[in-house]
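Peer 1: Just dropping this structure here.
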Amino acid sequence: MTQSNRHILIIQTAFIGDAILSTSLIESISKFDSKIKIDILVRKGNESLVNGNPKINRVLIWDKSSNKYKNLFSIIKEVRKTGYDKVINLQRFAATGIITALSKAKNKIGFKENPFSMFFTKAIPHDVKSGIHEVERNQHLIADFCGSNASKPRLYPTEADFNKVQNYKTEKYICIAPTSVWFTKQYPEHKWVSLIESVPAEISVFLLGAPSDFDSCESIVQNVKSRVITNLAGKLTLMESAALIKNATMNYVNDSAPMHIASSMNAPTTAIYCSTIPKFGFGPLSDDSTIIETEKNLDCRPCGLHGKKACPEDHFDCAESVDISWK
């Protein structure tokens, strides 16, 4: 890259966890050369995860919820106008492949599995079977100029985010994110209740989640008879949740976005895997992290790369056979 043309666009318009993991590349590129301008393209709703990142020059937002393709063409126009030296596409879907292919960037980099990878200047395999972490798979896209050592993802909550949750930090506490978009990734409610009832009374318990998770969290609150717990689902933003997670004694999570938030804050993490497996490469990255999964040898596990709306075998043994308690 010439001195006058050090401008990179990272494309990750998937879901929250994917957007968080993409910040690993921002950390790696900045370590390599802090003068490189890094822009990132995210889906609308995920911009709060990166807006305050001091290593990002500009955040582009693709609104997929309405006028999806009209907005896509607007993004393509904006990307072409900017004239990036490198466009790095972390996704394997056609729409982002089109953005990359039409970007006019000198270097178009992405995964071979993208339908438009034949128009990239560099395409490498995205090997889920290898067992390496997703941040390492992403790092392969920039290894030729940044090296092969992946950085940890990192979020940057603001001072206001930390101030918002300061009153919850008056004593030792744990955070629990009990829900998931996918049923088979979600540790059962009665299991969360048992865990919470084993936590010493002097340790506060906060339940985290989106507004849509409030009722599920409230059901846990109502079923815990031994103590008072606080339902914060829908009451904190993602970055405020990150600020709270950072100083928790422990964060209990499913294989879902809160796990990646904990990783991005290098916060203590206990990740519970039900239908999915850590070998897929999306495990916790915190220095203090533990993975809990069934000890049963289940022929049906894993039942998919992501999750399912119900257990295909109607027994959900991958979750029901897991018991955890405070130690």
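By convention in this document, the chains of the structure tokens carry letters A, B, ... by their order, each chain's residues are numbered from 1, and ligands are numbered from 1 in the order they are shown.
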Could you pull out all residues of segment 263-293 of chain A with a DSSP call of strand (DSSP E) and give them as a VMD selection string?
Peer 2: chain A and resid 269 to 272 289 to 292
Peer 1: Could you write those residues out with C-alpha atoms, as an mmCIF file, in the first residue's frame?
Peer 2:
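Written out: selection_33.cif:
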```cif
data_model
loop_
_atom_site.group_PDB
_atom_site.id
_atom_site.type_symbol
_atom_site.label_atom_id
_atom_site.label_comp_id
_atom_site.auth_asym_id
_atom_site.auth_seq_id
_atom_site.Cartn_x
_atom_site.Cartn_y
_atom_site.Cartn_z
ATOM 1 C CA THR A 269 -16.933 -16.259 30.945
ATOM 2 C CA THR A 270 -18.686 -19.569 31.437
ATOM 3 C CA ALA A 271 -20.154 -20.619 28.094
ATOM 4 C CA ILE A 272 -22.776 -23.359 28.017
ATOM 5 C CA SER A 289 -13.131 -18.714 30.185
ATOM 6 C CA THR A 290 -14.738 -22.091 30.723
ATOM 7 C CA ILE A 291 -16.795 -24.203 28.348
ATOM 8 C CA ILE A 292 -19.555 -26.409 29.752
#
```
Peer 1: Give me, as a list of chain:residue names, all polymer residues having an atom no more than 10 Å from segment 70-73 of chain A, counting only C-alpha atoms and skipping those fewer than 5 positions away in the same chain.
Peer 2: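 Selected residues are A:Ile61, A:Trp62, A:Asp63, A:Lys64, A:Ser65, A:Glu78, A:Val79, A:Ala95, A:Thr96, A:Ile98, A:Ile99.
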Peer 1: Could you please take those selected residues and save N, CA and C atoms as a PDB file, in the first residue's frame?
Peer 2:
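result.pdb written:
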```
ATOM      1  N   ILE A  61     -23.468   1.998   7.025  1.00  0.00           N
ATOM      2  CA  ILE A  61     -24.601   1.220   7.529  1.00  0.00           C
ATOM      3  C   ILE A  61     -25.507   0.803   6.372  1.00  0.00           C
ATOM      4  N   TRP A  62     -25.758  -0.491   6.301  1.00  0.00           N
ATOM      5  CA  TRP A  62     -26.699  -1.008   5.305  1.00  0.00           C
ATOM      6  C   TRP A  62     -27.997  -1.373   6.009  1.00  0.00           C
ATOM      7  N   ASP A  63     -29.056  -0.659   5.651  1.00  0.00           N
ATOM      8  CA  ASP A  63     -30.380  -0.933   6.200  1.00  0.00           C
ATOM      9  C   ASP A  63     -31.013  -2.054   5.378  1.00  0.00           C
ATOM     10  N   LYS A  64     -31.103  -3.234   5.981  1.00  0.00           N
ATOM     11  CA  LYS A  64     -31.692  -4.390   5.304  1.00  0.00           C
ATOM     12  C   LYS A  64     -33.185  -4.531   5.592  1.00  0.00           C
ATOM     13  N   SER A  65     -33.679  -3.765   6.555  1.00  0.00           N
ATOM     14  CA  SER A  65     -35.044  -3.970   7.019  1.00  0.00           C
ATOM     15  C   SER A  65     -36.098  -3.380   6.098  1.00  0.00           C
ATOM     16  N   GLU A  78     -21.475   4.318  -2.834  1.00  0.00           N
ATOM     17  CA  GLU A  78     -20.618   4.988  -1.865  1.00  0.00           C
ATOM     18  C   GLU A  78     -19.247   4.313  -1.785  1.00  0.00           C
ATOM     19  N   VAL A  79     -19.235   2.983  -1.814  1.00  0.00           N
ATOM     20  CA  VAL A  79     -17.972   2.241  -1.756  1.00  0.00           C
ATOM     21  C   VAL A  79     -17.127   2.528  -2.998  1.00  0.00           C
ATOM     22  N   ALA A  95     -24.908 -10.873  -1.635  1.00  0.00           N
ATOM     23  CA  ALA A  95     -25.028  -9.411  -1.612  1.00  0.00           C
ATOM     24  C   ALA A  95     -23.704  -8.738  -1.287  1.00  0.00           C
ATOM     25  N   THR A  96     -23.004  -9.247  -0.259  1.00  0.00           N
ATOM     26  CA  THR A  96     -21.721  -8.631   0.081  1.00  0.00           C
ATOM     27  C   THR A  96     -20.666  -8.964  -0.972  1.00  0.00           C
ATOM     28  N   ILE A  98     -21.321  -8.989  -4.151  1.00  0.00           N
ATOM     29  CA  ILE A  98     -21.562  -7.976  -5.187  1.00  0.00           C
ATOM     30  C   ILE A  98     -20.906  -6.659  -4.790  1.00  0.00           C
ATOM     31  N   ILE A  99     -21.067  -6.265  -3.530  1.00  0.00           N
ATOM     32  CA  ILE A  99     -20.432  -5.030  -3.057  1.00  0.00           C
ATOM     33  C   ILE A  99     -18.924  -5.099  -3.285  1.00  0.00           C
TER      34      ILE A  99
END
```
Peer 1: Find the residues around segment 107-117 of chain A up to 7 Å (only C-alpha atoms counted), leave out those fewer than 5 positions away in its own chain, and share them as a CSV table (one decimal) with C-alpha atoms, in the first residue's frame.
Peer 2:
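So the final result, stored in out14.csv, reads:
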```csv
chain,number,residue,atom,x,y,z
A,85,ASP,CA,-7.1,0.1,-1.5
A,86,LYS,CA,-8.5,-3.1,0.0
A,87,VAL,CA,-12.0,-4.4,0.6
A,88,ILE,CA,-12.1,-7.3,3.0
A,89,ASN,CA,-15.3,-9.2,3.0
A,90,LEU,CA,-15.9,-11.5,6.0
A,92,ARG,CA,-20.1,-15.7,2.3
A,93,PHE,CA,-23.3,-14.4,0.9
A,94,ALA,CA,-24.1,-13.0,-2.5
A,97,GLY,CA,-20.0,-10.4,-2.8
A,98,ILE,CA,-21.6,-8.0,-5.2
A,100,THR,CA,-16.9,-6.4,-3.1
A,101,ALA,CA,-16.8,-7.3,-6.8
A,122,LYS,CA,-7.8,-13.0,-3.4
A,123,ALA,CA,-10.1,-15.8,-2.1
A,124,ILE,CA,-9.3,-18.3,0.6
A,125,PRO,CA,-11.3,-21.2,2.0
A,126,HIS,CA,-13.5,-20.8,5.1
A,141,LEU,CA,-7.7,-12.8,4.9
```
Peer 1: Between A:Ser22, A:Pro157, A:Asp127, A:Lys55, single out the one closest to Ser34 of chain A, counting only C-alpha atoms.
Peer 2: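 Using only C-alpha atoms, the shortest distance to Ser34 of chain A belongs to A:Lys55.
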Peer 1: What's the 8 Å shell around Gln12 of chain A, counting only C-alpha atoms, without same-chain residues fewer than 4 positions away, as a list in words?
Peer 2: Asp18, Ala19, Ser22, Ile40, Leu41, Val42, Arg43, Asn89, Leu90 and Gln91 of chain A
Peer 1: When distances are computed from only C-alpha atoms, which of A:Ala105, A:Ala248, A:Leu21, A:Ile36 shows the smallest separation from Ile76 of chain A?
Peer 2: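 Answer, going by the shortest atom-to-atom distance: A:Ala105.
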Peer 1: Separation of atom CA of Lys169 of chain A and atom CA of Asp215 of chain A, in Å?
Peer 2: 24.2 Å
Peer 1: Write out as number ranges by chain the residues lying within 9 Å of Asp39 of chain A, counting only C-alpha atoms and excluding same-chain residues fewer than 5 positions away.
Peer 2: A: 7-11, 56-60
Peer 1: Would you please give, as an MDAnalysis selection string, all residues of segment 176-256 of chain A that DSSP assigns to helix (DSSP H, G or I) based on the backbone?
Peer 2: chainID A and resid 183:185 189:197 211:223 238:246
Peer 1: With only C-alpha atoms as the counted atoms, please give the residues lying no more than 8 Å from segment 296-300 of chain A, apart from itself and same-chain residues fewer than 3 positions off, as a ChimeraX atom specification.
Peer 2: /A:303,313,318,321
Peer 1: Excluding segment 249-266 of chain A and residues on its chain fewer than 2 positions from it, collect all residues at most 6 Å away from it, counting only C-alpha atoms, and give them as a PyMOL selection string.
Peer 2: chain A and resi 17+153-155+173-177+246+268-273+284-286
Peer 1: Can you measure atom CA of Asn167 of chain A to atom CA of Asp213 of chain A for me? One decimal in Å is fine.
Peer 2: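 Atom CA of Asp213 of chain A lies 22.5 Å from atom CA of Asn167 of chain A.
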Peer 1: To one decimal in Å, tell me the separation between atom CA of Pro188 of chain A and atom CA of Ala319 of chain A.
Peer 2: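 Computing the Euclidean distance for atom CA of Pro188 of chain A and atom CA of Ala319 of chain A yields 7.0 Å.
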